[in-house]
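Novice: Mind looking over this structure? Questions follow.
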Amino acid sequence: MASVIALSSPVRSRSTAATTESPAVRRLLIAVAVLFMAAFLVLPLAAVFYEALRKGLDVYLESFANADARAAIRLTLISAAIAVPLNLVFGIAAAWAIAKFEFTGKSFLITLIDLPFSVSPVIAGLVYVLMFGLHGWFGPWLQAHDIRIIFAVPGIVLATIFVTFPFVARELIPLMQEQGKEEEEAAVLLGAGGWQVLWRVTLPNVKWGLLYGVILCNARAMGEFGAVSVVSGHIRGLTNTIPLQVEILYNEYSFAASFALASLLSLLALVTVAAKSLLEWKIRRDQQIAIRESVA
Amino acid sequence: MSIEVRNVSKNFGAFSALRDVTVDIPSGELVALLGPSGCGKTTLLRIIAGLEVPDAGRILFHGEDATQEHARERNVGFVFQHYALFRHMTVFDNVAFGLRVKPRAQRLPESEIRRRAHELLQLVQLDWLADRFPPQLSGGQRQRIALARALAVEPKVLLLDEPFGALDARVRKDLRRWIRRLHDEIHVTSVFVTHDQEEALEVADRIVVLNHGHIEQVGTPEQVYDQPANAFVYQFLGDVNLFHARVHDERVLIGDAEVELDHHTLGTGDDAQVFVRPHDIEVLLAPNGSATLPALVREIRALGAFIRLELDREDGQGGVEVQITREQYREFGLKRGQRVYLRPRAARVFDVSEAARH
């Protein structure tokens with residue numbers, strides 16, 4: 001998970017003559033990196049699509065006609081559609097508070113936001129079972145009122161929210177801190193109200209970082225396995241998300257169907273990576289234009 | 001619109017930024033808050049703007065207490081040191097911002113907003129940059145756009161934080177004069193913060209000298225330069241030579257040389273610190289009775305219109321800096337190592353105990 005955070009900073013360092021190796025060393029290092037990537041990233045990804053399409057396009061498409069598969073896709077989309085906007089709002093609120101204001105307990109709040117990154121997703125799922133499960137703290141009360149959270153859609157949404165909680169906030173906090181609060185102060189002195197400052201000054205300034213956080217958040221929301229697995233109960237057509245359905249199908253030796261669904265997740269990953277690089281490229285280009293034109 | 005600052009104090013943790021500061025800023029004047037970094041001048045400006053809340057004291061605009069008013073309601077124009085232009089908006093949208101965020105009832109129609117924004121861009125002579133974005137502008141241009149944006153809401157007072165600090169020397173000089181002329185045109189009460197005494201002396205109607213969170217002196221540029229209230233003000237407003245002097249039979253002696261002082265209250269046996277500006281020391285090639293101090297030329301530096309001499313006193317009591325004109329330099333044909341005689345023309349004396357405070 002740490003690698004996700006490290007990657008998310010679109011800052012590049014420039015190499016100088018003093019820090020550059022000889023061409024032979026450079027080629028060797030690049031070759032090692034490419035081989036490693038091919039073995040551990042490209043090959044498995046290609047295998048997914050190969051397995052999915054091995055029995056032909058008909059079988060591949062048929063896999064998606066299956067009612068359980070459709071239910072799994074729907075549930076994945078629903079939980080992402082709830083978790084991502086909620087974490088978007090939370091992330092903006094938390095980043096705004098942390099970056100623009102001084103208050104006691106600030107560093108504690110930052111640590112708290114990082115908690116889902118440091119806790120195993122399985123533990124996150126278990127916590128919800130302990131709270132809302134049949135024998136959990138609120139279990140009897142929930143049962144008395146006929147509300148199902150564990151082994152039902154609400155539990156899956158809760159687990160997804162927990163796991164994807166830090167993405168947007170983590171992306172925005174350093175960005176907003178770097179930008180400071182002078183523009184907001186200027187807006188207030190010009191007569192802008194709190195919401196006007198947020199909509200007209202703060203959010204436009206972080207829009208690319210925000211989008212970047214949302215993309216990562218969405219990818220994780222759709223791909224999460226551990227936490228969701230614990231609270232789901234694996235009820236076919238009801239509480240299975242795509243990753244859970246993939247595992248079930250695989251365990252039942254329905255390889256084609258399993259890989260077909262898996263290819264969907266892989267496709268999502270590829271789109272995410274593409275969107276992420278596009279954004280990084282755009283941010284970098286904006287910065288370069290800004291630098292070039294401020295020099296000119 | 002006048003500004004009155006009444007007994008304002010402000011602490012940041014253990015650091016006291018302002019201590020019981022009281023100052024009046026008369027309507028229509030251009031006032032400089034001058035002081036070294038950390039003296040509290042920016043804090044005072046931010047308190048006037050409402051960006052900081054004072055721990056004690058009050059701010060009055062035109063005699064009315066504004067201490068409790070939110071920064072939004074104070075109707076002050078503020079120009080930040082680094083301009084704080086909205087980076088994602090065009091220059092035009094930046095200038096129009098203040099007009100567009102007004103409550104619907106007070107907002108002008110869009111056509112009127114456009115007309116006003118263009119008018120302001122013309123005032124700062126940058127109408128042709130309306131469609132650019134802030135990162136595409138030079139420092140001087142950004143500064144003027146920030147000013148146009150602040151003036152768009154017709155502020156009662158204009159506050160500028162180190163307005164020339166981030167610019168290079170040439171642009172700074174031009175902009176300084178331009179701001180002075182602009183102020184003479186629009187006459188809005190203005191306060192600017194600076195650590196550059198030259199800037200304050202050139203631009204301001206009145207200078208407030210701050211040090212360690214309190215006011216050392218308030219006065220016109222002539223007053224603070226010619227009649228500094230204390231050693232700090234004297235030293236801060238220009239280069240200075242410091243001599244230790246003895247008082248003997250009502251005569252003030254630096255080494256063996258006697259200095260003439262306008263007024264002093266020193267008695268025989270007192271130690272005093274005598275301050276002399278480098279351009280207030282006369283250089284003579286021959287001694288003149290008991291009134292001159294022999295010294296050797298150590299270094300000669302040409303500073304544009306003037307020549308700066310660095311000299312060592314022959315009695316070994318340290319160095320002296322003297323500024324002379326190029327004509328005089330040529331006439332004397334001064335060389336390194338040459339002996340000359342110095343005669344302080346105008347000197348100021350401050351009590352040692354008082355000077356030590358700074």
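How things are named: the first chain in the structure tokens is A, the next is B, and so on; residues count from 1 in each chain; ligands count from 1 in the order shown.
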Name the residues in contact with segment 13-16 of chain B at a cut-off of 10 Å, using only C-alpha atoms, excluding same-chain residues fewer than 5 positions from it; report them as a compact mmCIF listing (two decimals) with N, CA and C atoms, in the first residue's frame.
Specialist:
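To be explicit, this is the file written out as out-v7.txt:
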# COMPACT_ATOMS: atom_id res chain seq x y z
N GLY B 38 10.48 40.18 11.43
CA GLY B 38 10.14 39.73 12.77
C GLY B 38 9.75 40.84 13.72
N CYS B 39 9.61 42.08 13.19
CA CYS B 39 9.28 43.19 14.08
C CYS B 39 7.78 43.33 14.30
N GLY B 40 6.98 42.55 13.57
CA GLY B 40 5.54 42.59 13.77
C GLY B 40 4.79 43.42 12.76
N HIS B 212 10.81 44.90 17.34
CA HIS B 212 10.43 44.00 18.43
C HIS B 212 8.99 44.22 18.89
N GLY B 213 8.08 44.42 17.96
CA GLY B 213 6.67 44.48 18.32
C GLY B 213 6.21 45.79 18.93
Novice: Using only C-alpha atoms, find which residues of chain B lie within 8 Å of chain A and jot them down as a list in words.
Specialist: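 Filtering chain B at 8 Å from chain A with only C-alpha atoms gives Ala49, Leu51, Ala71, Arg72, Glu73, Arg74, Asn75, Val76, Gly77, Phe78, Phe80, Ala84, Leu85, Phe86, Arg87, His88, Phe97, Gly98, Val101, Lys102, Pro135, Gln136, Leu137, Ser138, Ala150 and Val153 of chain B.
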Novice: Could those selected residues go to a file with C-alpha atoms, as a tab-separated table (two decimals), in the first residue's frame?
Specialist:
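File again.tsv, as written:
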chain	number	residue	atom	x	y	z
B	49	ALA	CA	-7.25	43.59	7.49
B	51	LEU	CA	-6.90	38.20	8.87
B	71	ALA	CA	-12.40	40.34	7.20
B	72	ARG	CA	-15.15	39.87	4.60
B	73	GLU	CA	-17.08	42.87	5.92
B	74	ARG	CA	-14.19	45.27	6.44
B	75	ASN	CA	-13.99	46.27	2.81
B	76	VAL	CA	-10.21	46.51	2.72
B	77	GLY	CA	-8.12	45.97	-0.37
B	78	PHE	CA	-5.17	43.70	0.34
B	80	PHE	CA	-0.19	39.96	-0.74
B	84	ALA	CA	-2.03	35.36	-4.26
B	85	LEU	CA	-3.68	35.70	-7.66
B	86	PHE	CA	-6.21	32.94	-8.37
B	87	ARG	CA	-4.02	30.74	-10.52
B	88	HIS	CA	-6.80	28.96	-12.39
B	97	PHE	CA	-13.83	38.25	-8.69
B	98	GLY	CA	-14.70	40.75	-5.97
B	101	VAL	CA	-19.06	37.24	-5.35
B	102	LYS	CA	-21.22	40.05	-4.00
B	135	PRO	CA	1.65	32.06	-14.20
B	136	GLN	CA	2.13	33.64	-17.63
B	137	LEU	CA	2.84	37.10	-16.17
B	138	SER	CA	6.03	38.71	-14.93
B	150	ALA	CA	-7.97	44.77	-4.70
B	153	VAL	CA	-14.34	46.41	-4.78
Novice: Nearest to His82 of chain B among B:Gly337, B:Pro221, B:Pro134, B:Gly255, with distances taken over only C-alpha atoms: which residue is it?
Specialist: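 The shortest atom-to-atom distance to His82 of chain B comes from B:Pro134.
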Novice: Within 12 Å of Glu4 of chain B, counting only C-alpha atoms, which residues qualify if same-chain residues fewer than 2 places away don't, as a list of chain:residue names?
Specialist: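 So the residues in contact are B:Met1, B:Ser2, B:Arg6, B:Asn7, B:Val8, B:Val21, B:Thr22, B:Val23, B:Asp24, B:Ile25, B:Pro26, B:Ser27, B:Leu44, B:Ile47, B:Ile48, B:Gly57, B:Arg58, B:Ile59, B:Leu60, B:Phe61, B:His62, B:Gly63, B:Glu64, B:Asp65, B:Ala66, B:Thr67, B:Val157, B:Thr189.
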Novice: Take the residues that were just selected and, keeping N, CA, C and O atoms, output them as an mmCIF file, in the first residue's frame.
Specialist:
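Result saved to again-v9.cif:
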data_model
loop_
_atom_site.group_PDB
_atom_site.id
_atom_site.type_symbol
_atom_site.label_atom_id
_atom_site.label_comp_id
_atom_site.auth_asym_id
_atom_site.auth_seq_id
_atom_site.Cartn_x
_atom_site.Cartn_y
_atom_site.Cartn_z
ATOM 1 N N MET B 1 -10.676 57.470 4.501
ATOM 2 C CA MET B 1 -11.055 56.729 5.707
ATOM 3 C C MET B 1 -9.831 56.532 6.594
ATOM 4 O O MET B 1 -8.851 55.936 6.184
ATOM 5 N N SER B 2 -9.902 57.051 7.817
ATOM 6 C CA SER B 2 -8.744 56.938 8.712
ATOM 7 C C SER B 2 -8.727 55.569 9.401
ATOM 8 O O SER B 2 -9.759 54.917 9.519
ATOM 9 N N ARG B 6 -5.479 50.879 18.346
ATOM 10 C CA ARG B 6 -5.500 51.236 19.769
ATOM 11 C C ARG B 6 -5.012 50.086 20.641
ATOM 12 O O ARG B 6 -5.695 49.071 20.756
ATOM 13 N N ASN B 7 -3.826 50.235 21.241
ATOM 14 C CA ASN B 7 -3.297 49.301 22.245
ATOM 15 C C ASN B 7 -3.356 47.845 21.799
ATOM 16 O O ASN B 7 -3.778 46.976 22.541
ATOM 17 N N VAL B 8 -2.948 47.605 20.564
ATOM 18 C CA VAL B 8 -3.044 46.250 20.028
ATOM 19 C C VAL B 8 -1.851 45.400 20.456
ATOM 20 O O VAL B 8 -0.701 45.827 20.359
ATOM 21 N N VAL B 21 0.521 48.337 20.749
ATOM 22 C CA VAL B 21 0.801 49.262 19.650
ATOM 23 C C VAL B 21 -0.378 50.206 19.441
ATOM 24 O O VAL B 21 -1.524 49.767 19.346
ATOM 25 N N THR B 22 -0.092 51.488 19.400
ATOM 26 C CA THR B 22 -1.108 52.494 19.129
ATOM 27 C C THR B 22 -0.594 53.424 18.040
ATOM 28 O O THR B 22 0.512 53.953 18.156
ATOM 29 N N VAL B 23 -1.375 53.567 16.983
ATOM 30 C CA VAL B 23 -0.943 54.461 15.911
ATOM 31 C C VAL B 23 -2.166 54.945 15.121
ATOM 32 O O VAL B 23 -3.146 54.227 14.996
ATOM 33 N N ASP B 24 -2.106 56.174 14.657
ATOM 34 C CA ASP B 24 -3.182 56.733 13.844
ATOM 35 C C ASP B 24 -2.720 56.838 12.407
ATOM 36 O O ASP B 24 -1.623 57.321 12.148
ATOM 37 N N ILE B 25 -3.563 56.413 11.504
ATOM 38 C CA ILE B 25 -3.250 56.573 10.090
ATOM 39 C C ILE B 25 -4.299 57.502 9.481
ATOM 40 O O ILE B 25 -5.462 57.132 9.352
ATOM 41 N N PRO B 26 -3.908 58.734 9.182
ATOM 42 C CA PRO B 26 -4.887 59.725 8.733
ATOM 43 C C PRO B 26 -5.466 59.381 7.365
ATOM 44 O O PRO B 26 -4.823 58.707 6.567
ATOM 45 N N SER B 27 -6.663 59.845 7.132
ATOM 46 C CA SER B 27 -7.370 59.565 5.888
ATOM 47 C C SER B 27 -6.580 60.064 4.678
ATOM 48 O O SER B 27 -6.023 61.153 4.686
ATOM 49 N N LEU B 44 0.723 43.386 12.117
ATOM 50 C CA LEU B 44 -0.120 44.566 12.298
ATOM 51 C C LEU B 44 -1.005 44.784 11.070
ATOM 52 O O LEU B 44 -2.204 45.058 11.185
ATOM 53 N N ILE B 47 -3.754 42.280 11.057
ATOM 54 C CA ILE B 47 -4.769 42.585 12.068
ATOM 55 C C ILE B 47 -5.691 43.692 11.566
ATOM 56 O O ILE B 47 -6.910 43.634 11.735
ATOM 57 N N ILE B 48 -5.121 44.691 10.910
ATOM 58 C CA ILE B 48 -5.950 45.763 10.342
ATOM 59 C C ILE B 48 -6.911 45.174 9.311
ATOM 60 O O ILE B 48 -8.081 45.538 9.242
ATOM 61 N N GLY B 57 -6.730 45.018 22.422
ATOM 62 C CA GLY B 57 -6.723 46.253 21.646
ATOM 63 C C GLY B 57 -7.828 46.301 20.610
ATOM 64 O O GLY B 57 -8.581 45.343 20.436
ATOM 65 N N ARG B 58 -7.911 47.447 19.947
ATOM 66 C CA ARG B 58 -9.011 47.662 19.002
ATOM 67 C C ARG B 58 -8.504 48.287 17.711
ATOM 68 O O ARG B 58 -7.476 48.949 17.682
ATOM 69 N N ILE B 59 -9.252 48.061 16.643
ATOM 70 C CA ILE B 59 -8.996 48.696 15.356
ATOM 71 C C ILE B 59 -10.219 49.544 15.021
ATOM 72 O O ILE B 59 -11.351 49.051 15.074
ATOM 73 N N LEU B 60 -10.000 50.823 14.718
ATOM 74 C CA LEU B 60 -11.128 51.692 14.362
ATOM 75 C C LEU B 60 -10.962 52.182 12.933
ATOM 76 O O LEU B 60 -9.884 52.651 12.539
ATOM 77 N N PHE B 61 -12.029 52.046 12.151
ATOM 78 C CA PHE B 61 -12.061 52.628 10.813
ATOM 79 C C PHE B 61 -12.957 53.855 10.876
ATOM 80 O O PHE B 61 -14.124 53.740 11.240
ATOM 81 N N HIS B 62 -12.423 54.996 10.546
ATOM 82 C CA HIS B 62 -13.194 56.236 10.551
ATOM 83 C C HIS B 62 -13.902 56.432 11.886
ATOM 84 O O HIS B 62 -15.074 56.811 11.956
ATOM 85 N N GLY B 63 -13.190 56.092 12.967
ATOM 86 C CA GLY B 63 -13.754 56.287 14.297
ATOM 87 C C GLY B 63 -14.688 55.191 14.762
ATOM 88 O O GLY B 63 -15.100 55.174 15.920
ATOM 89 N N GLU B 64 -15.016 54.231 13.876
ATOM 90 C CA GLU B 64 -15.937 53.165 14.276
ATOM 91 C C GLU B 64 -15.165 51.886 14.546
ATOM 92 O O GLU B 64 -14.301 51.502 13.772
ATOM 93 N N ASP B 65 -15.525 51.234 15.656
ATOM 94 C CA ASP B 65 -14.815 50.024 16.056
ATOM 95 C C ASP B 65 -15.056 48.904 15.041
ATOM 96 O O ASP B 65 -16.201 48.528 14.784
ATOM 97 N N ALA B 66 -13.964 48.399 14.463
ATOM 98 C CA ALA B 66 -14.089 47.326 13.468
ATOM 99 C C ALA B 66 -13.470 46.035 13.979
ATOM 100 O O ALA B 66 -13.375 45.057 13.245
ATOM 101 N N THR B 67 -13.057 46.016 15.263
ATOM 102 C CA THR B 67 -12.321 44.857 15.780
ATOM 103 C C THR B 67 -13.103 43.560 15.609
ATOM 104 O O THR B 67 -12.535 42.517 15.307
ATOM 105 N N VAL B 157 -9.816 51.167 2.549
ATOM 106 C CA VAL B 157 -8.373 51.292 2.756
ATOM 107 C C VAL B 157 -7.659 50.237 1.921
ATOM 108 O O VAL B 157 -8.221 49.195 1.621
ATOM 109 N N THR B 189 -6.761 55.732 1.475
ATOM 110 C CA THR B 189 -5.833 55.540 2.592
ATOM 111 C C THR B 189 -5.088 54.221 2.398
ATOM 112 O O THR B 189 -5.709 53.179 2.243
#
Novice: Can you tell me, as a PyMOL selection string, what residues are no more than 12 Å from Tyr250 of chain A when counting only C-alpha atoms, ignoring any on the same chain fewer than 3 positions away?
Specialist: chain A and resi 51-52+243-247+253-262
Novice: Nearest residue to His234 of chain A out of A:Glu21, A:Asp114, A:Glu102, A:Asp68, using only C-alpha atoms?
Specialist: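 With only C-alpha atoms as the atom set, the closest residue is A:Asp68.
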Novice: Between atom CA of Ser232 of chain A and atom CA of Ile150 of chain A, what is the distance, to one decimal in Å?
Specialist: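 Between atom CA of Ser232 of chain A and atom CA of Ile150 of chain A the gap works out to 6.7 Å.
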Novice: Identify which of the residues B:Ile307, B:Leu30, B:Ala105, B:Ala146 lies closest to Glu202 of chain B, counting only C-alpha atoms when measuring atom-to-atom distances.
Specialist: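 Closest residue, counting only C-alpha atoms: B:Leu30.
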Novice: Which is closest to Phe165 of chain A among A:Ala274, A:Ile98, A:Leu77, A:Ala221, if we use only C-alpha atoms?
Specialist: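 Smallest separation from Phe165 of chain A among the options: A:Ala221.
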Novice: Segment 32-147 of chain B: which residues are helix (DSSP H, G or I) by DSSP, as an MDAnalysis selection string?
Specialist: chainID B and resid 41:49 71:73 91:100 110:123 127:129 134:136 139:147
Novice: I need the chosen residues saved as a compact mmCIF listing (two decimals), in the first residue's frame, with N, CA and C atoms.
Specialist:
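The resulting file, part-v9.txt, is reproduced below:
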# COMPACT_ATOMS: atom_id res chain seq x y z
N LYS B 41 5.49 43.95 11.75
CA LYS B 41 4.81 44.85 10.81
C LYS B 41 3.75 44.14 9.97
N THR B 42 4.05 42.93 9.51
CA THR B 42 3.06 42.19 8.72
C THR B 42 1.89 41.76 9.60
N THR B 43 2.19 41.38 10.84
CA THR B 43 1.11 41.01 11.76
C THR B 43 0.16 42.18 11.96
N LEU B 44 0.72 43.39 12.12
CA LEU B 44 -0.12 44.57 12.30
C LEU B 44 -1.01 44.78 11.07
N LEU B 45 -0.42 44.60 9.90
CA LEU B 45 -1.19 44.78 8.66
C LEU B 45 -2.33 43.75 8.58
N ARG B 46 -2.02 42.52 8.96
CA ARG B 46 -3.03 41.46 8.90
C ARG B 46 -4.12 41.67 9.94
N ILE B 47 -3.75 42.28 11.06
CA ILE B 47 -4.77 42.59 12.07
C ILE B 47 -5.69 43.69 11.57
N ILE B 48 -5.12 44.69 10.91
CA ILE B 48 -5.95 45.76 10.34
C ILE B 48 -6.91 45.17 9.31
N ALA B 49 -6.42 44.20 8.52
CA ALA B 49 -7.25 43.59 7.49
C ALA B 49 -8.31 42.66 8.06
N ALA B 71 -13.21 39.81 8.31
CA ALA B 71 -12.40 40.34 7.20
C ALA B 71 -13.25 40.61 5.96
N ARG B 72 -14.27 39.75 5.76
CA ARG B 72 -15.15 39.87 4.60
C ARG B 72 -15.90 41.20 4.60
N GLU B 73 -16.25 41.67 5.82
CA GLU B 73 -17.08 42.87 5.92
C GLU B 73 -16.27 44.17 6.03
N VAL B 91 -6.64 36.71 -15.92
CA VAL B 91 -6.40 38.02 -15.30
C VAL B 91 -7.72 38.77 -15.15
N PHE B 92 -8.54 38.71 -16.19
CA PHE B 92 -9.82 39.41 -16.16
C PHE B 92 -10.70 38.87 -15.04
N ASP B 93 -10.82 37.53 -14.95
CA ASP B 93 -11.66 36.93 -13.91
C ASP B 93 -11.12 37.23 -12.52
N ASN B 94 -9.80 37.32 -12.40
CA ASN B 94 -9.22 37.71 -11.12
C ASN B 94 -9.71 39.08 -10.69
N VAL B 95 -9.66 40.02 -11.61
CA VAL B 95 -10.04 41.40 -11.29
C VAL B 95 -11.54 41.48 -11.01
N ALA B 96 -12.33 40.68 -11.75
CA ALA B 96 -13.79 40.74 -11.60
C ALA B 96 -14.29 39.97 -10.39
N PHE B 97 -13.40 39.16 -9.76
CA PHE B 97 -13.83 38.25 -8.69
C PHE B 97 -14.63 38.96 -7.60
N GLY B 98 -14.07 40.04 -7.08
CA GLY B 98 -14.70 40.75 -5.97
C GLY B 98 -16.09 41.26 -6.31
N LEU B 99 -16.29 41.60 -7.59
CA LEU B 99 -17.60 42.10 -8.02
C LEU B 99 -18.59 40.96 -8.20
N ARG B 100 -18.07 39.79 -8.59
CA ARG B 100 -18.96 38.66 -8.88
C ARG B 100 -19.41 37.92 -7.64
N GLU B 110 -23.76 41.80 -15.20
CA GLU B 110 -22.51 41.29 -15.75
C GLU B 110 -21.84 42.30 -16.69
N SER B 111 -22.66 43.01 -17.50
CA SER B 111 -22.07 43.97 -18.44
C SER B 111 -21.33 45.09 -17.69
N GLU B 112 -21.92 45.49 -16.57
CA GLU B 112 -21.31 46.55 -15.76
C GLU B 112 -20.03 46.04 -15.10
N ILE B 113 -20.07 44.76 -14.65
CA ILE B 113 -18.87 44.15 -14.05
C ILE B 113 -17.74 44.13 -15.08
N ARG B 114 -18.07 43.75 -16.30
CA ARG B 114 -17.06 43.68 -17.36
C ARG B 114 -16.46 45.07 -17.63
N ARG B 115 -17.35 46.06 -17.63
CA ARG B 115 -16.88 47.42 -17.92
C ARG B 115 -15.91 47.87 -16.82
N ARG B 116 -16.30 47.61 -15.57
CA ARG B 116 -15.47 48.03 -14.44
C ARG B 116 -14.11 47.32 -14.43
N ALA B 117 -14.16 46.01 -14.70
CA ALA B 117 -12.91 45.24 -14.67
C ALA B 117 -11.95 45.77 -15.75
N HIS B 118 -12.51 46.08 -16.91
CA HIS B 118 -11.66 46.62 -17.97
C HIS B 118 -11.11 47.99 -17.59
N GLU B 119 -11.96 48.78 -16.93
CA GLU B 119 -11.53 50.10 -16.48
C GLU B 119 -10.32 49.98 -15.55
N LEU B 120 -10.39 48.99 -14.62
CA LEU B 120 -9.29 48.80 -13.67
C LEU B 120 -8.04 48.29 -14.36
N LEU B 121 -8.25 47.40 -15.34
CA LEU B 121 -7.09 46.90 -16.08
C LEU B 121 -6.42 48.05 -16.83
N GLN B 122 -7.24 48.99 -17.30
CA GLN B 122 -6.66 50.15 -17.97
C GLN B 122 -5.91 51.03 -16.97
N LEU B 123 -6.48 51.13 -15.76
CA LEU B 123 -5.84 51.94 -14.73
C LEU B 123 -4.42 51.42 -14.43
N ASP B 127 -4.53 46.16 -19.74
CA ASP B 127 -5.76 45.69 -20.38
C ASP B 127 -5.47 44.59 -21.40
N TRP B 128 -4.32 44.67 -22.03
CA TRP B 128 -3.97 43.71 -23.06
C TRP B 128 -3.65 42.31 -22.53
N LEU B 129 -3.58 42.17 -21.19
CA LEU B 129 -3.27 40.86 -20.61
C LEU B 129 -4.52 40.14 -20.10
N PRO B 134 -2.32 33.91 -14.49
CA PRO B 134 -1.27 34.49 -13.65
C PRO B 134 0.13 33.91 -13.87
N PRO B 135 0.28 32.56 -14.02
CA PRO B 135 1.65 32.06 -14.20
C PRO B 135 2.33 32.58 -15.46
N GLN B 136 1.55 33.14 -16.38
CA GLN B 136 2.13 33.64 -17.63
C GLN B 136 2.62 35.08 -17.51
N GLY B 139 6.62 39.26 -12.66
CA GLY B 139 6.36 39.68 -11.29
C GLY B 139 5.70 41.05 -11.19
N GLY B 140 6.22 42.00 -11.95
CA GLY B 140 5.67 43.35 -11.92
C GLY B 140 4.23 43.40 -12.42
N GLN B 141 3.95 42.58 -13.45
CA GLN B 141 2.58 42.53 -13.98
C GLN B 141 1.64 41.92 -12.96
N ARG B 142 2.08 40.83 -12.31
CA ARG B 142 1.25 40.20 -11.29
C ARG B 142 0.92 41.19 -10.18
N GLN B 143 1.93 41.96 -9.80
CA GLN B 143 1.75 42.93 -8.74
C GLN B 143 0.64 43.91 -9.11
N ARG B 144 0.68 44.39 -10.34
CA ARG B 144 -0.31 45.40 -10.75
C ARG B 144 -1.70 44.78 -10.89
N ILE B 145 -1.76 43.51 -11.32
CA ILE B 145 -3.06 42.83 -11.40
C ILE B 145 -3.62 42.65 -10.00
N ALA B 146 -2.75 42.26 -9.06
CA ALA B 146 -3.20 42.10 -7.67
C ALA B 146 -3.77 43.41 -7.15
N LEU B 147 -3.15 44.51 -7.54
CA LEU B 147 -3.61 45.83 -7.12
C LEU B 147 -4.97 46.15 -7.76
Novice: Nearest residue to Leu182 of chain B out of B:Val252, B:Gln125, B:Asn230, B:Arg170, using only C-alpha atoms?
Specialist: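 Looking at the shortest contact to Leu182 of chain B, the residue is B:Gln125.
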Novice: Can you work out which one of A:Gln288, A:Leu268, A:Gly56, A:Ala159 has the shortest atom-to-atom distance to Ile123 of chain A, counting only C-alpha atoms?
Specialist: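 So, comparing all the options, the nearest one is A:Ala159.
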